[in-house]
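The next block is protein33.txt, given as compact mmCIF, C-alpha atoms and all ligand atoms.
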```
# COMPACT_ATOMS: atom_id res chain seq x y z
CA MET A 929 0.00 0.00 0.00
CA THR A 930 1.33 3.50 -0.85
CA ALA A 931 2.08 5.58 2.22
CA HIS A 932 2.88 9.30 2.29
CA ASN A 933 4.95 11.19 4.83
CA LEU A 934 3.05 14.01 6.51
CA THR A 935 4.80 16.76 8.44
CA LEU A 936 2.36 18.45 10.81
CA VAL A 937 3.65 21.87 11.83
CA PHE A 938 2.21 23.82 14.78
CA GLU A 939 2.16 27.50 15.72
CA ASP A 940 4.83 27.07 18.42
CA GLY A 941 7.29 25.63 15.87
CA THR A 942 6.79 21.97 16.87
CA SER A 943 6.62 19.55 13.95
CA ILE A 944 5.38 15.96 14.11
CA ARG A 945 5.89 13.32 11.39
CA VAL A 946 3.18 10.76 10.65
CA THR A 947 2.45 8.57 7.62
CA ALA A 948 -0.84 8.47 5.73
CA ASN A 949 -2.00 5.48 3.74
CA GLU A 950 -3.52 6.27 0.33
CA GLY A 951 -7.21 7.07 0.90
CA GLU A 952 -6.74 8.02 4.56
CA THR A 953 -7.50 11.57 5.73
CA VAL A 954 -4.89 13.61 7.60
CA TYR A 955 -7.10 13.38 10.70
CA GLN A 956 -7.36 9.56 10.44
CA ALA A 957 -3.64 9.13 9.83
CA ALA A 958 -2.71 11.37 12.75
CA ALA A 959 -5.23 9.71 15.12
CA ARG A 960 -3.93 6.23 14.15
CA GLN A 961 -0.47 7.37 15.26
CA ASN A 962 -1.72 8.90 18.53
CA VAL A 963 -1.59 12.52 17.37
CA PRO A 964 -5.11 13.74 18.23
CA ILE A 965 -5.28 16.93 16.14
CA GLN A 966 -8.24 19.21 16.90
CA THR A 967 -11.48 17.99 15.32
CA ASP A 968 -15.18 18.24 16.12
CA CYS A 969 -17.71 17.30 13.40
CA ARG A 970 -15.23 15.27 11.29
CA GLU A 971 -17.43 15.86 8.26
CA GLY A 972 -16.21 19.16 6.85
CA ALA A 973 -18.78 21.36 8.55
CA CYS A 974 -17.23 23.05 11.60
CA ALA A 975 -13.72 24.30 10.62
CA THR A 976 -12.18 23.14 13.91
CA CYS A 977 -9.60 21.09 11.93
CA ARG A 978 -8.73 23.93 9.51
CA ALA A 979 -5.07 24.15 8.47
CA ILE A 980 -2.88 25.28 5.56
CA CYS A 981 -1.22 22.80 3.22
CA LEU A 982 2.25 24.22 2.56
CA SER A 983 3.31 21.56 0.05
CA GLY A 984 2.15 18.32 -1.54
CA SER A 985 -0.82 17.11 -3.54
CA PHE A 986 -4.13 15.98 -2.10
CA GLU A 987 -7.88 15.92 -2.62
CA LEU A 988 -10.58 17.30 -0.36
CA ASP A 989 -13.78 15.31 0.22
CA ASP A 990 -17.07 17.29 0.35
CA PHE A 991 -17.15 20.13 2.84
CA SER A 992 -19.23 23.20 3.66
CA ASP A 993 -18.30 26.63 2.28
CA ASP A 994 -18.79 28.00 5.79
CA ALA A 995 -16.02 25.76 7.12
CA LEU A 996 -13.64 26.68 4.28
CA THR A 997 -14.47 29.46 1.85
CA PRO A 998 -13.30 29.29 -1.81
CA GLU A 999 -10.89 32.17 -1.06
CA GLU A 1000 -9.37 30.25 1.86
CA GLU A 1001 -9.08 27.11 -0.27
CA ALA A 1002 -7.35 29.13 -3.01
CA GLU A 1003 -4.79 30.24 -0.42
CA GLY A 1004 -3.95 26.64 0.56
CA GLY A 1005 -6.59 26.22 3.27
CA VAL A 1006 -7.59 22.61 4.01
CA LEU A 1007 -9.75 20.68 6.46
CA ALA A 1008 -7.73 17.87 8.01
CA CYS A 1009 -10.83 15.68 8.35
CA ARG A 1010 -11.47 15.93 4.57
CA MET A 1011 -7.91 16.07 3.21
CA LYS A 1012 -6.62 12.87 1.57
CA PRO A 1013 -2.92 13.21 0.64
CA HIS A 1014 -1.70 11.86 -2.70
CA SER A 1015 1.97 12.67 -1.97
CA ASP A 1016 4.16 13.71 0.96
CA CYS A 1017 2.61 16.87 2.47
CA VAL A 1018 3.44 19.60 4.96
CA VAL A 1019 0.36 20.79 6.86
CA ASP A 1020 0.47 23.88 9.08
CA PHE A 1021 -1.99 24.06 12.01
CA PRO A 1022 -2.74 27.54 13.44
CA TYR A 1023 -2.43 26.54 17.10
CA ALA A 1024 0.23 25.37 19.52
CA ALA A 1025 1.05 21.64 19.70
CA SER A 1026 0.12 21.66 23.42
CA LEU A 1027 -3.54 21.99 22.36
CA ILE A 1028 -3.62 18.53 20.86
CA ASP A 1029 -3.57 17.01 24.34
CA VAL A 1030 -6.99 18.37 25.27
CA ASP A 1031 -8.88 15.35 23.91
CA ALA A 1032 -7.15 13.27 26.54
CA ALA A 1033 -9.27 15.18 29.10
CA GLY A 1034 -12.38 13.39 27.76
CA PRO A 1035 -15.95 14.32 28.60
CA VAL A 1036 -16.95 15.30 32.16
CA ARG A 1037 -20.35 15.62 33.79
CA GLY A 1038 -21.59 18.98 35.01
CA THR A 1039 -24.54 20.28 37.04
CA VAL A 1040 -26.51 23.32 35.90
CA THR A 1041 -26.40 25.98 38.63
CA GLU A 1042 -28.13 28.88 36.83
CA VAL A 1043 -30.26 29.61 33.80
CA SER A 1044 -31.28 33.26 33.72
CA GLU A 1045 -32.22 35.87 31.16
CA ALA A 1046 -29.17 37.99 30.30
CA ALA A 1047 -30.86 39.98 27.52
CA ARG A 1048 -33.69 39.56 25.05
CA ASP A 1049 -33.45 36.00 23.66
CA VAL A 1050 -30.15 35.35 25.46
CA TRP A 1051 -29.71 33.06 28.46
CA ARG A 1052 -26.84 33.04 30.92
CA LEU A 1053 -26.08 29.37 31.60
CA ARG A 1054 -23.80 28.36 34.46
CA ILE A 1055 -22.55 24.82 34.96
CA ARG A 1056 -20.42 23.35 37.73
CA PRO A 1057 -18.20 20.60 36.24
CA GLU A 1058 -17.40 17.55 38.36
CA ALA A 1059 -13.69 17.95 37.45
CA PRO A 1060 -11.71 21.01 36.30
CA VAL A 1061 -12.03 21.82 32.60
CA ALA A 1062 -8.76 23.21 31.20
CA PHE A 1063 -9.51 25.58 28.32
CA LEU A 1064 -8.02 28.65 26.73
CA PRO A 1065 -10.02 31.92 26.67
CA GLY A 1066 -11.87 31.97 23.34
CA GLN A 1067 -12.41 28.18 23.04
CA TYR A 1068 -15.71 26.30 23.11
CA LEU A 1069 -17.06 22.91 24.11
CA ASN A 1070 -20.00 20.69 23.24
CA ILE A 1071 -22.86 20.36 25.72
CA THR A 1072 -25.19 17.37 25.50
CA VAL A 1073 -28.91 18.15 25.58
CA PRO A 1074 -30.16 15.57 28.13
CA GLY A 1075 -32.77 13.13 26.86
CA GLN A 1076 -31.98 13.91 23.23
CA ASP A 1077 -29.33 12.66 20.88
CA ALA A 1078 -28.05 16.22 20.44
CA GLN A 1079 -24.90 18.14 21.26
CA ARG A 1080 -24.51 21.88 20.84
CA SER A 1081 -21.36 24.02 20.84
CA TYR A 1082 -20.94 26.99 23.20
CA SER A 1083 -18.01 29.31 23.83
CA PHE A 1084 -16.76 29.80 27.38
CA ALA A 1085 -17.54 33.25 28.78
CA SER A 1086 -15.93 32.35 32.12
CA LEU A 1087 -12.20 32.25 32.86
CA PRO A 1088 -9.93 29.23 33.10
CA GLY A 1089 -9.59 28.08 36.72
CA GLU A 1090 -13.01 29.31 37.88
CA GLU A 1091 -15.18 26.75 39.68
CA GLU A 1092 -18.17 27.25 37.41
CA LEU A 1093 -18.34 27.53 33.64
CA GLU A 1094 -20.44 30.29 32.10
CA PHE A 1095 -22.04 30.44 28.65
CA PHE A 1096 -24.41 32.81 26.84
CA VAL A 1097 -26.95 30.97 24.73
CA ARG A 1098 -29.19 32.42 22.06
CA ARG A 1099 -32.86 31.34 22.05
CA LEU A 1100 -33.77 29.69 18.73
CA GLU A 1101 -37.39 28.82 17.99
CA GLY A 1102 -37.94 25.05 18.09
CA GLY A 1103 -34.31 24.37 19.05
CA ALA A 1104 -33.09 21.38 21.07
CA MET A 1105 -30.97 23.39 23.52
CA THR A 1106 -33.62 26.12 23.58
CA GLY A 1107 -36.27 23.56 24.59
CA TRP A 1108 -34.13 22.24 27.45
CA LEU A 1109 -33.19 25.68 28.80
CA SER A 1110 -36.80 26.93 28.51
CA GLY A 1111 -37.77 24.35 31.17
CA ASP A 1112 -35.15 25.76 33.61
CA PRO A 1113 -32.94 22.69 34.14
CA THR A 1114 -31.20 24.13 37.23
CA GLY A 1115 -29.93 21.17 39.29
CA GLU A 1116 -29.93 18.78 36.30
CA GLU A 1117 -26.80 17.04 35.02
CA THR A 1118 -25.38 17.17 31.53
CA GLN A 1119 -22.25 15.97 29.73
CA LEU A 1120 -19.51 18.38 28.67
CA GLY A 1121 -17.06 17.52 25.87
CA ALA A 1122 -13.39 18.50 25.84
CA PRO A 1123 -12.53 22.15 25.08
CA LEU A 1124 -11.98 22.75 21.37
CA GLY A 1125 -11.12 25.35 18.82
CA GLN A 1126 -8.33 27.35 17.26
CA PHE A 1127 -9.92 30.60 18.44
CA TYR A 1128 -8.03 31.64 21.57
CA LEU A 1129 -6.05 34.59 22.87
CA ARG A 1130 -2.59 34.73 21.26
CA ARG A 1131 -0.33 37.62 22.30
CA PRO A 1132 -1.67 39.77 25.13
CA GLY A 1133 0.57 42.79 24.30
CA GLY A 1134 0.08 45.12 21.33
CA ARG A 1135 -3.25 46.35 20.01
CA ILE A 1136 -6.28 44.09 20.02
CA VAL A 1137 -9.57 44.47 18.16
CA LEU A 1138 -12.47 42.19 19.14
CA VAL A 1139 -15.45 42.01 16.81
CA ALA A 1140 -18.56 40.29 18.20
CA GLY A 1141 -21.98 39.60 16.71
CA GLY A 1142 -24.79 38.63 19.12
CA THR A 1143 -23.76 35.86 21.53
CA GLY A 1144 -20.34 36.03 19.84
CA LEU A 1145 -19.61 38.36 22.77
CA ALA A 1146 -19.30 35.30 25.07
CA PRO A 1147 -15.71 34.28 24.21
CA MET A 1148 -14.71 37.97 24.11
CA LEU A 1149 -15.69 38.25 27.80
CA SER A 1150 -13.34 35.35 28.56
CA ILE A 1151 -10.54 36.88 26.47
CA LEU A 1152 -11.01 40.29 28.10
CA GLY A 1153 -11.08 38.72 31.59
CA GLU A 1154 -7.79 36.94 30.88
CA LEU A 1155 -6.23 40.18 29.61
CA ALA A 1156 -7.45 42.02 32.73
CA ARG A 1157 -5.90 39.54 35.16
CA GLY A 1158 -2.68 38.99 33.19
CA GLU A 1159 0.57 40.81 33.96
CA GLU A 1160 1.19 41.90 30.38
CA LYS A 1161 -1.51 44.37 29.40
CA PRO A 1162 -2.39 45.28 25.81
CA GLU A 1163 -1.61 48.74 24.48
CA ALA A 1164 -5.27 49.19 23.53
CA VAL A 1165 -8.34 46.98 23.16
CA THR A 1166 -11.35 47.95 21.06
CA LEU A 1167 -14.52 45.88 21.18
CA LEU A 1168 -16.94 46.27 18.29
CA TYR A 1169 -20.25 44.68 19.32
CA GLY A 1170 -23.27 44.32 17.05
CA THR A 1171 -26.73 42.88 17.73
CA ASN A 1172 -30.07 42.91 15.94
CA THR A 1173 -31.63 45.24 18.52
CA PRO A 1174 -30.16 47.15 21.50
CA ASP A 1175 -32.06 44.99 24.03
CA GLU A 1176 -30.20 41.86 22.81
CA ARG A 1177 -26.97 43.25 24.30
CA PHE A 1178 -25.64 41.61 27.44
CA GLY A 1179 -22.48 41.89 29.58
CA ALA A 1180 -22.60 45.71 30.00
CA GLU A 1181 -21.73 45.53 33.72
CA ARG A 1182 -18.85 43.14 33.13
CA LEU A 1183 -17.51 45.33 30.31
CA ALA A 1184 -17.64 48.42 32.55
CA GLU A 1185 -15.63 46.56 35.23
CA LEU A 1186 -13.09 45.38 32.67
CA ALA A 1187 -12.65 48.95 31.42
CA GLU A 1188 -11.38 49.87 34.90
CA THR A 1189 -8.37 47.55 34.46
CA LEU A 1190 -7.91 47.55 30.70
CA PRO A 1191 -7.48 50.30 28.07
CA LEU A 1192 -10.82 49.16 26.67
CA GLU A 1193 -13.07 51.04 24.28
CA VAL A 1194 -16.48 49.55 23.48
CA ARG A 1195 -18.40 50.54 20.34
CA THR A 1196 -21.90 49.14 19.82
CA ILE A 1197 -24.33 49.10 16.94
CA ALA A 1198 -27.69 47.45 16.27
CA VAL A 1199 -29.36 46.53 12.99
CA GLU A 1200 -32.51 48.31 14.17
CA GLY A 1201 -33.99 50.16 17.13
CA GLU A 1202 -31.60 53.02 17.79
CA GLU A 1203 -30.30 56.20 16.24
CA ARG A 1204 -27.18 54.73 14.64
CA THR A 1205 -28.08 51.48 12.94
CA GLY A 1206 -26.11 49.04 10.81
CA PHE A 1207 -23.86 45.99 10.91
CA VAL A 1208 -20.89 45.55 13.19
CA THR A 1209 -18.55 45.92 10.20
CA ASP A 1210 -19.84 49.51 9.88
CA LEU A 1211 -17.85 50.17 13.08
CA PHE A 1212 -14.53 49.27 11.41
CA ASP A 1213 -12.12 52.07 10.95
CA ALA A 1214 -8.72 51.86 9.25
CA GLU A 1215 -7.02 53.56 12.22
CA LEU A 1216 -7.84 50.58 14.42
CA ILE A 1217 -5.62 48.17 12.58
CA GLY A 1218 -1.92 47.91 11.86
CA GLU A 1219 0.92 45.37 11.60
CA GLN A 1220 0.92 44.82 15.36
CA THR A 1221 -2.86 44.48 15.75
CA ASP A 1222 -4.49 41.12 16.45
CA VAL A 1223 -8.12 40.93 15.33
CA TYR A 1224 -10.56 38.39 16.83
CA LEU A 1225 -13.91 37.80 15.11
CA CYS A 1226 -16.79 35.80 16.57
CA GLY A 1227 -20.43 35.47 15.57
CA PRO A 1228 -22.64 34.43 12.64
CA PRO A 1229 -20.84 33.25 9.45
CA PRO A 1230 -21.95 36.21 7.25
CA MET A 1231 -20.50 38.63 9.81
CA ILE A 1232 -17.16 36.81 9.84
CA ASP A 1233 -17.00 36.68 6.04
CA ALA A 1234 -17.83 40.40 5.74
CA ALA A 1235 -15.25 41.29 8.40
CA ARG A 1236 -12.55 39.18 6.75
CA ALA A 1237 -13.27 40.83 3.39
CA TRP A 1238 -12.98 44.30 4.95
CA LEU A 1239 -9.73 43.41 6.72
CA SER A 1240 -8.22 41.90 3.60
CA GLU A 1241 -9.16 45.01 1.59
CA ALA A 1242 -7.55 47.15 4.30
CA GLY A 1243 -4.34 45.10 4.01
CA HIS A 1244 -4.49 43.49 7.45
CA PRO A 1245 -2.40 40.26 7.47
CA ALA A 1246 -4.62 37.15 7.51
CA SER A 1247 -2.18 35.53 9.97
CA ARG A 1248 -3.16 38.12 12.60
CA THR A 1249 -6.90 37.50 12.24
CA PHE A 1250 -8.54 34.76 14.35
CA ALA A 1251 -12.17 33.79 13.88
CA GLU A 1252 -14.90 31.56 15.27
CA LYS A 1253 -18.06 31.11 13.22
CA PHE A 1254 -21.19 30.24 15.19
CA LEU A 1255 -22.28 27.69 12.59
CA GLU A 1256 -25.72 26.09 12.71
CA SER A 1257 -25.73 22.81 14.55
C1 LIG B 1301 -17.76 26.74 17.65
C2 LIG B 1301 -19.14 27.23 17.97
C3 LIG B 1301 -19.37 27.96 19.12
C4 LIG B 1301 -20.67 28.40 19.40
N1 LIG B 1301 -20.86 29.15 20.53
C5 LIG B 1301 -22.11 29.63 20.78
C6 LIG B 1301 -22.34 30.47 21.94
O1 LIG B 1301 -21.45 30.75 22.75
N2 LIG B 1301 -23.61 30.94 22.12
C7 LIG B 1301 -24.63 30.64 21.25
O2 LIG B 1301 -25.77 31.10 21.47
N3 LIG B 1301 -24.43 29.86 20.16
C8 LIG B 1301 -23.20 29.34 19.93
N4 LIG B 1301 -23.01 28.54 18.83
C9 LIG B 1301 -24.19 28.12 18.06
C10 LIG B 1301 -24.83 26.91 18.80
O3 LIG B 1301 -23.91 25.83 18.84
C11 LIG B 1301 -26.08 26.35 18.14
O4 LIG B 1301 -26.11 26.63 16.78
C12 LIG B 1301 -27.37 26.87 18.71
O5 LIG B 1301 -27.27 27.30 20.03
C13 LIG B 1301 -28.37 25.75 18.64
O6 LIG B 1301 -29.47 26.03 19.47
P1 LIG B 1301 -30.69 25.06 19.58
O7 LIG B 1301 -30.24 23.67 19.95
O8 LIG B 1301 -31.63 25.74 20.49
O9 LIG B 1301 -31.28 25.03 18.12
P2 LIG B 1301 -31.23 23.86 16.98
O10 LIG B 1301 -32.00 22.67 17.49
O11 LIG B 1301 -29.84 23.59 16.61
O12 LIG B 1301 -31.97 24.57 15.80
C14 LIG B 1301 -33.22 25.26 15.90
C15 LIG B 1301 -33.42 26.14 14.69
O13 LIG B 1301 -32.45 27.21 14.70
C16 LIG B 1301 -31.61 27.15 13.53
N5 LIG B 1301 -30.21 27.40 14.00
C17 LIG B 1301 -29.44 26.53 14.69
N6 LIG B 1301 -28.23 27.10 14.98
C18 LIG B 1301 -28.25 28.33 14.46
C19 LIG B 1301 -27.31 29.38 14.42
N7 LIG B 1301 -26.07 29.27 15.01
N8 LIG B 1301 -27.66 30.53 13.79
C20 LIG B 1301 -28.89 30.66 13.22
N9 LIG B 1301 -29.85 29.68 13.21
C21 LIG B 1301 -29.52 28.54 13.82
C22 LIG B 1301 -31.76 25.74 12.99
O14 LIG B 1301 -31.58 25.69 11.60
C23 LIG B 1301 -33.19 25.41 13.35
O15 LIG B 1301 -34.09 25.95 12.43
C24 LIG B 1301 -21.74 28.09 18.55
C25 LIG B 1301 -21.50 27.32 17.39
C26 LIG B 1301 -20.23 26.90 17.12
C27 LIG B 1301 -20.00 26.07 15.88
S1 LIG B 1302 -13.63 18.50 12.20
FE1 LIG B 1302 -15.23 19.78 11.53
S2 LIG B 1302 -14.54 20.42 9.58
FE2 LIG B 1302 -13.09 18.95 10.19
```

Would you write out, as structure tokens, the structure that this file holds?
Ligand SMILES: Cc1cc2nc3c(=O)[nH]c(=O)nc-3n(C[C@H](O)[C@H](O)[C@H](O)COP(=O)(O)OP(=O)(O)OC[C@H]3O[C@@H](n4cnc5c(N)ncnc54)[C@H](O)[C@@H]3O)c2cc1C
Ligand code: FES
Amino acid sequence: MTAHNLTLVFEDGTSIRVTANEGETVYQAAARQNVPIQTDCREGACATCRAICLSGSFELDDFSDDALTPEEEAEGGVLACRMKPHSDCVVDFPYAASLIDVDAAGPVRGTVTEVSEAARDVWRLRIRPEAPVAFLPGQYLNITVPGQDAQRSYSFASLPGEEELEFFVRRLEGGAMTGWLSGDPTGEETQLGAPLGQFYLRRPGGRIVLVAGGTGLAPMLSILGELARGEEKPEAVTLLYGTNTPDERFGAERLAELAETLPLEVRTIAVEGEERTGFVTDLFDAELIGEQTDVYLCGPPPMIDAARAWLSEAGHPASRTFAEKFLES
């Protein structure tokens, strides 16, 4: 059987060699050799396994445009769960090699301690895990909806090391998670998957721009909390926060507290219901970005695509843009 040498390169400079049999995906080959690269859906839908192929030939099985846009594919973007090498390949993953250990943590059980209304159509959900969950600010995990064969992804709004985990969950008509939370499951148990995702705080220094749409604010609260308690403070942080209506905004108190410790400026906009209306990308301004600026985007896929297009047009390096799309389950 033909086998190809794969060199998996990580953000911290680590490289790991594995071999892939013809017809095997990069994910399958790596897993077979005990290298659990980050994956979630394993069917080309979520982008958690996104990487760049630096050299070699391969084919990509079917995948969603939301997980990998045609522009990203044209620039060498691949999904490790869909990529079948046809030659030796070098694949570059945009996260540190230390992150590939998280799967070893496995799922843990957690007890719901609070479900409350944080804003219109947004719940605050707090869960006490039975064992510590080690995550990086910005990451997400999958929560099982008890009694249903359904798992849903939510970004941590709490900080690593806190006893309880906090999430902000959007109400969606007829939804599985929505149905469970509507019945106030405080005191009930659920299962929590391992922390996942390439979206996490990179360098705390320099200038940082956070762009959040709707409940996309959740991971930004975790990132901001980490920046506030860290020794190295950023030069400036600007949060651009868009919602459909002003009453869908949450986290105002927490943001005000964070602004006491951080050089934080918050700009908000709503699609309707106030004097200045529009999309969050209308808050962009060329003066915000520069070579040393890290931009974090989180929210609905169209918002991320529009923001990426604006940043690319403005000449911001793609390597300094980090994004999490809140894809449909
Ligand atoms: C990495 C990641 C992190 C996420 N983090 C968060 C988070 O912190 N907070 C949060 O509120 N959501 C988050 N999401 C979205 C979330 O996982 C689910 O999509 C959503 O909460 C499902 O809710 P539900 O079970 O009530 O509805 P479902 O049973 O999944 O669906 C009910 C209806 O809503 C539609 N729908 C489902 N998901 C979406 C969506 N994302 N946008 C628009 N329509 C949708 C479905 O098509 C269906 O018609 C995240 C998604 C991803 C991929
Ligand atoms: S794991 Fe979801 S796209 Fe590969």

Is it possible to get the axis-aligned box enclosing ligand LIG 1302 (chain B) (all listed atoms, 5 Å extra per side) as lines of an AutoDock Vina configuration file, with centre and edge lengths in Å rounded to one decimal?
```
center_x = -14.2
center_y = 19.5
center_z = 10.9
size_x = 12.1
size_y = 11.9
size_z = 12.6
```

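Interatomic distance, CA of Val1006 (chain A) against CA of Val1208 (chain A): 28.1 Å.
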
* Near region 975-978 of chain A, counting only C-alpha atoms, which residues have an atom at most 12 Å away, once you skip same-chain residues fewer than 6 positions from it, shown as a count of residues only? -> 50

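Here CA of Leu1064 (chain A) is placed at a distance of 29.1 Å from CA of Ala1242 (chain A).
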
Env. residues ligand LIG 1301 (chain B) / 7 Å / all atoms listed in the file / as an NGL selection string: :A and (974 or 1068 or 1080-1084 or 1095-1107 or 1125 or 1143-1144 or 1146-1147 or 1228 or 1252-1257)

Please output region 1038-1055 of chain A, rebuilt to include N, CA and C atoms, as a tab-separated table (two decimals), keeping the file's coordinate frame.
```tsv
chain	number	residue	atom	x	y	z
A	1038	GLY	N	-21.47	17.69	34.35
A	1038	GLY	CA	-21.59	18.98	35.01
A	1038	GLY	C	-23.03	19.18	35.46
A	1039	THR	N	-23.21	20.00	36.50
A	1039	THR	CA	-24.54	20.28	37.04
A	1039	THR	C	-24.90	21.73	36.75
A	1040	VAL	N	-26.07	21.96	36.21
A	1040	VAL	CA	-26.51	23.32	35.90
A	1040	VAL	C	-26.80	24.05	37.22
A	1041	THR	N	-26.17	25.22	37.39
A	1041	THR	CA	-26.40	25.98	38.63
A	1041	THR	C	-27.23	27.24	38.37
A	1042	GLU	N	-27.33	27.66	37.12
A	1042	GLU	CA	-28.13	28.88	36.83
A	1042	GLU	C	-28.54	28.92	35.36
A	1043	VAL	N	-29.81	29.26	35.15
A	1043	VAL	CA	-30.26	29.61	33.80
A	1043	VAL	C	-31.06	30.90	34.00
A	1044	SER	N	-30.55	32.01	33.52
A	1044	SER	CA	-31.28	33.26	33.72
A	1044	SER	C	-31.27	34.06	32.43
A	1045	GLU	N	-32.13	35.07	32.38
A	1045	GLU	CA	-32.22	35.87	31.16
A	1045	GLU	C	-31.17	36.98	31.22
A	1046	ALA	N	-30.22	36.97	30.29
A	1046	ALA	CA	-29.17	37.99	30.30
A	1046	ALA	C	-29.56	39.18	29.42
A	1047	ALA	N	-30.38	38.93	28.43
A	1047	ALA	CA	-30.86	39.98	27.52
A	1047	ALA	C	-32.01	39.35	26.74
A	1048	ARG	N	-32.59	40.14	25.84
A	1048	ARG	CA	-33.69	39.56	25.05
A	1048	ARG	C	-33.17	38.36	24.24
A	1049	ASP	N	-33.81	37.22	24.39
A	1049	ASP	CA	-33.45	36.00	23.66
A	1049	ASP	C	-32.04	35.50	23.94
A	1050	VAL	N	-31.48	35.87	25.08
A	1050	VAL	CA	-30.15	35.35	25.46
A	1050	VAL	C	-30.19	34.87	26.91
A	1051	TRP	N	-29.81	33.59	27.10
A	1051	TRP	CA	-29.71	33.06	28.46
A	1051	TRP	C	-28.27	33.09	28.95
A	1052	ARG	N	-28.12	33.32	30.26
A	1052	ARG	CA	-26.84	33.04	30.92
A	1052	ARG	C	-26.99	31.62	31.48
A	1053	LEU	N	-26.06	30.76	31.14
A	1053	LEU	CA	-26.08	29.37	31.60
A	1053	LEU	C	-24.82	29.11	32.39
A	1054	ARG	N	-24.99	28.67	33.65
A	1054	ARG	CA	-23.80	28.36	34.46
A	1054	ARG	C	-23.82	26.88	34.83
A	1055	ILE	N	-22.66	26.26	34.71
A	1055	ILE	CA	-22.55	24.82	34.96
A	1055	ILE	C	-21.34	24.56	35.85
```
